[in-house]
Amino acid sequence: MLAAVLYGIRDLRVEDVPRPTVGEGDVLVRSKAAAICTTDLTVHQHWHRNYAPGQKAILGHEWAGEVVEVGRQVHGLQAG
């Protein structure tokens with residue numbers, strides 16, 4: 001899957017990354033739309049205390065999409 005991976009200040013690269021493994025309480029969602037917010041911009045331009053120096057990060061929490069897979073302990077959601 002493609003992801004925008006942040007390697008450091010103003011070092012953002014679009015890369016093919018492995019598909020996440022779905023755990024028992026997880027939901028895998030295929031992103032259909034995404035946006036950025038002030039926090040994403042701050043991390044890209046200045047970094048952020050929540051990320052260790054040199055730590056790669058896949059940012060983003062402003063998105064919508066389609067449920068692809070749900071873990072065994074997830075109730076009330078299903079693929080599709």
# chains A, B, ... in the order shown; residues from 1 in each chain; ligands from 1
>>> select_by_dssp(residues="segment 6-72 of chain A", states="helix (DSSP H, G or I)", output="ChimeraX atom specification")
/A:38-46
>>> write_last_selection(atoms="N, CA, C and O atoms", output="compact mmCIF listing (two decimals), in the first residue's frame")
# COMPACT_ATOMS: atom_id res chain seq x y z
N THR A 38 -3.41 20.98 11.15
CA THR A 38 -2.32 21.79 11.68
C THR A 38 -1.24 20.93 12.34
O THR A 38 -0.06 21.20 12.20
N THR A 39 -1.63 19.88 13.04
CA THR A 39 -0.65 19.01 13.68
C THR A 39 0.24 18.36 12.63
O THR A 39 1.46 18.30 12.79
N ASP A 40 -0.34 17.86 11.54
CA ASP A 40 0.45 17.25 10.47
C ASP A 40 1.45 18.27 9.90
O ASP A 40 2.61 17.94 9.67
N LEU A 41 1.00 19.49 9.67
CA LEU A 41 1.90 20.53 9.16
C LEU A 41 3.02 20.84 10.15
O LEU A 41 4.17 21.00 9.76
N THR A 42 2.68 20.91 11.43
CA THR A 42 3.69 21.18 12.45
C THR A 42 4.75 20.09 12.48
O THR A 42 5.94 20.37 12.53
N VAL A 43 4.30 18.83 12.44
CA VAL A 43 5.25 17.72 12.46
C VAL A 43 6.14 17.76 11.22
O VAL A 43 7.35 17.59 11.30
N HIS A 44 5.56 18.02 10.07
CA HIS A 44 6.33 18.08 8.82
C HIS A 44 7.36 19.21 8.84
O HIS A 44 8.49 19.04 8.42
N GLN A 45 6.99 20.36 9.35
CA GLN A 45 7.86 21.53 9.28
C GLN A 45 8.78 21.71 10.47
O GLN A 45 9.85 22.31 10.34
N HIS A 46 8.40 21.18 11.65
CA HIS A 46 9.18 21.44 12.86
C HIS A 46 9.42 20.21 13.73
O HIS A 46 10.09 20.30 14.74
>>> select_by_dssp(residues="chain A", states="strand (DSSP E)", output="PyMOL selection string")
chain A and resi 2-8+11-16+27-35+57-58+62-70
>>> residues_around(residues="Glu24 of chain A", least_positions_apart="4", cutoff="9 Å", atoms="only C-alpha atoms", output="PyMOL selection string")
chain A and resi 70-74
>>> residues_around(residues="Leu77 of chain A", least_positions_apart="6", cutoff="12 Å", atoms="only C-alpha atoms", output="NGL selection string")
:A and (25-29 or 66-71)
>>> residues_around(residues="Leu6 of chain A", least_positions_apart="3", cutoff="8 Å", atoms="only C-alpha atoms", output="short mmCIF file (atom, residue, chain, number, x, y, z; two decimals) with C-alpha atoms, in the first residue's frame")
data_model
loop_
_atom_site.label_atom_id
_atom_site.label_comp_id
_atom_site.auth_asym_id
_atom_site.auth_seq_id
_atom_site.Cartn_x
_atom_site.Cartn_y
_atom_site.Cartn_z
CA ILE A 9 11.80 17.79 9.07
CA ARG A 10 10.46 18.49 5.57
CA ASP A 11 11.50 15.02 4.39
CA LEU A 12 8.24 13.39 3.29
CA ARG A 13 8.35 10.47 0.83
CA HIS A 44 6.33 18.08 8.82
CA LYS A 56 9.90 7.42 10.71
CA ALA A 57 6.24 8.38 10.95
CA ILE A 58 3.13 7.82 8.86
CA LEU A 59 0.99 10.79 9.69
#
>>> residues_around(residues="Ser31 of chain A", least_positions_apart="4", cutoff="12 Å", atoms="only C-alpha atoms", output="VMD selection string")
chain A and resid 1 to 3 35 60 to 68
